[in-house]
Amino acid sequence: MSAASDRIPVTILTGFLGAGKSTLLNRILKDPAMKDAAVIINEFGDVGIDHLLVERSGDAIIELSDGCLCCTVRGELVDTLANLMDAVQTGRVNSVKRVVIETTGLADPAPVMQAIMGNPIIATNFELDGVVTVVDAVNGAQSLDNHDEAVKQAAVADRLILSKKTMASQEVLRTLEARLDALNPRAAVIDADSTEAGQVGVLVNGLYDPASKIADVDRWLKDEDAHDAHHHHDHHHGHDHQDPHEVNRHDSSIRSFSIIDDTPIDPMALDMFIDLLRSAHGDKLLRMKAIVAVSDRPDRPLVLHGVQTIFHPPSRLPAWPDPKDRRTRMVLITKDLPEAFVKDLFDAFLGKPRIDTPDRAALNDNPLAVPGMRF
Ligand SMILES: Nc1nc2c(ncn2[C@@H]2O[C@H](COP(=O)(O)OP(=O)(O)OP(=O)(O)O)[C@@H](O)[C@H]2O)c(=O)[nH]1
């Protein structure tokens, strides 16, 4: 198992058609800290012009063609990353400190994330650092209304970059911001015109600070306590005057929530919990990130990162980032998978079932039968 900090971080830059991905990438590429970055751009359609729009030239920009990254090109992405690793190891490329993948506007981000996590060779050398999604202030709401992919792109993001703000009315902007907050309360929302949006830091979402290699859980899990209030909110706030189903046709069933627990979990029970979540409910699991206290080595937390059925090989941190806080913390982004269901499931594997939920043995006998829940 290679330590999480040895792998090359990969950031996925996504956002709906015309949202401003290339414009943002061009700005970030001017940051001197991007010197050792490789950029992979997925083209879509007959005329590939995206690479012309990325102003920097050189070996480090790689294009994928003929299809959308999330479907046909997924194998090509794995090959490209493998070739990149080979080029680094054989000295054909000096060093690569970071990879940025710009997806097409129509891409479902999940398969792209899975391509990095799910292939054993790729996952040894690369780790998914995070997802940065550009949302267009003028057309964003319409994209969210009409395209599931746009909703997913926003829901799984670590950071949301709001572009074209000056072109949108205050009311449109406020409604969109409220909607993004309901859909993804943990993602920081950054103005595309800000200095911050144009710097490499905007691509850094991973567990490690690349400079210090010190784990920064608060950033990774997006400051749990500060956001606690959010997931008790009515998720349709801001739309009271309209039918919420009309407004949020796709996003109403997407939830972001956290599980926090003091008790270290038995590693076998954790395995079973994750296996059950993946196998029975993977299609509803848009993203999961966690730092877990495990009973065999409570001093060395386990890091989990998964998308649907695919998880990164788990890695152990050398120590807790904050020795005073050894709580298990998980963040889940789900679609049609309620918070209470996942919490009860985790409690069952922790060995503290509640009266109205089955215990671990019963779950192992019949993992799909959870009283009170139908899927
Ligand atoms: N005013 C304004 N225009 C922007 C901003 N970001 C992008 N644009 C414009 O929006 C258009 C699309 O920007 P791109 O960067 O090509 O968008 P993209 O997401 O890469 O587009 P696709 O690759 O086609 O999906 C261009 O005309 C940009 O100049 C912004 O923050 N403000």
# chains A, B, ... in the order shown; residues from 1 in each chain; ligands from 1

$ closest_atom_pairs --of "chain A" --to "ligand 1" --cutoff "8 Å" --atoms "only C-alpha atoms and all ligand atoms" --output "tab-separated table"
residue	atom	partner	partner_atom_place_in_ligand_line	distance
A:Thr14	CA	ligand 1	19 (O)	7.6
A:Gly15	CA	ligand 1	19 (O)	6.0
A:Phe16	CA	ligand 1	25 (O)	5.9
A:Leu17	CA	ligand 1	25 (O)	3.4
A:Gly18	CA	ligand 1	21 (O)	3.3
A:Ala19	CA	ligand 1	19 (O)	3.9
A:Gly20	CA	ligand 1	17 (O)	3.2
A:Lys21	CA	ligand 1	19 (O)	3.8
A:Ser22	CA	ligand 1	15 (O)	3.7
A:Thr23	CA	ligand 1	15 (O)	3.6
A:Leu24	CA	ligand 1	15 (O)	6.4
A:Leu25	CA	ligand 1	15 (O)	7.9
A:Glu43	CA	ligand 1	23 (O)	7.8
A:Asp50	CA	ligand 1	23 (O)	6.2
A:Leu53	CA	ligand 1	16 (O)	7.5
A:Thr104	CA	ligand 1	25 (O)	5.6
A:Gly105	CA	ligand 1	25 (O)	4.2
A:Leu106	CA	ligand 1	25 (O)	7.6
A:Val134	CA	ligand 1	19 (O)	7.3
A:Asp136	CA	ligand 1	6 (N)	7.6
A:Leu162	CA	ligand 1	31 (O)	7.3
A:Ser163	CA	ligand 1	31 (O)	3.8
A:Lys164	CA	ligand 1	32 (N)	3.5
A:Lys165	CA	ligand 1	31 (O)	6.7
A:Thr166	CA	ligand 1	1 (N)	6.8
A:Met167	CA	ligand 1	1 (N)	6.4
A:Asp191	CA	ligand 1	31 (O)	8.0
A:Ala192	CA	ligand 1	31 (O)	5.2
A:Asp193	CA	ligand 1	31 (O)	5.8

$ residues_around --residues "Ala319 of chain A" --least-positions-apart "6" --cutoff "7 Å" --atoms "only C-alpha atoms" --output "JSON, numbers by chain"
{"A": [299, 300, 301]}

$ write_last_selection --atoms "N, CA and C atoms" --output "PDB file, in the first residue's frame"
ATOM      1  N   ASP A 299      -4.686   4.511  16.791  1.00  0.00           N
ATOM      2  CA  ASP A 299      -3.796   5.669  16.635  1.00  0.00           C
ATOM      3  C   ASP A 299      -3.558   6.009  15.168  1.00  0.00           C
ATOM      4  N   ARG A 300      -3.906   5.074  14.262  1.00  0.00           N
ATOM      5  CA  ARG A 300      -3.659   5.324  12.834  1.00  0.00           C
ATOM      6  C   ARG A 300      -4.966   5.226  12.053  1.00  0.00           C
ATOM      7  N   PRO A 301      -5.586   6.365  11.791  1.00  0.00           N
ATOM      8  CA  PRO A 301      -6.892   6.329  11.119  1.00  0.00           C
ATOM      9  C   PRO A 301      -6.799   5.864   9.670  1.00  0.00           C
TER      10      PRO A 301
END

$ closest_residue --among "A:Asp36, A:Asp262, A:Glu177, A:Asp129" --to "Arg7 of chain A" --atoms "only C-alpha atoms"
A:Asp129

$ atom_distance --atom1 "atom CA of Thr175 of chain A" --atom2 "atom CA of Arg287 of chain A"
25.0 Å

$ closest_residue --among "A:Leu221, A:Val96, A:Val294, A:Ile190" --to "Gly206 of chain A" --atoms "only C-alpha atoms"
A:Leu221
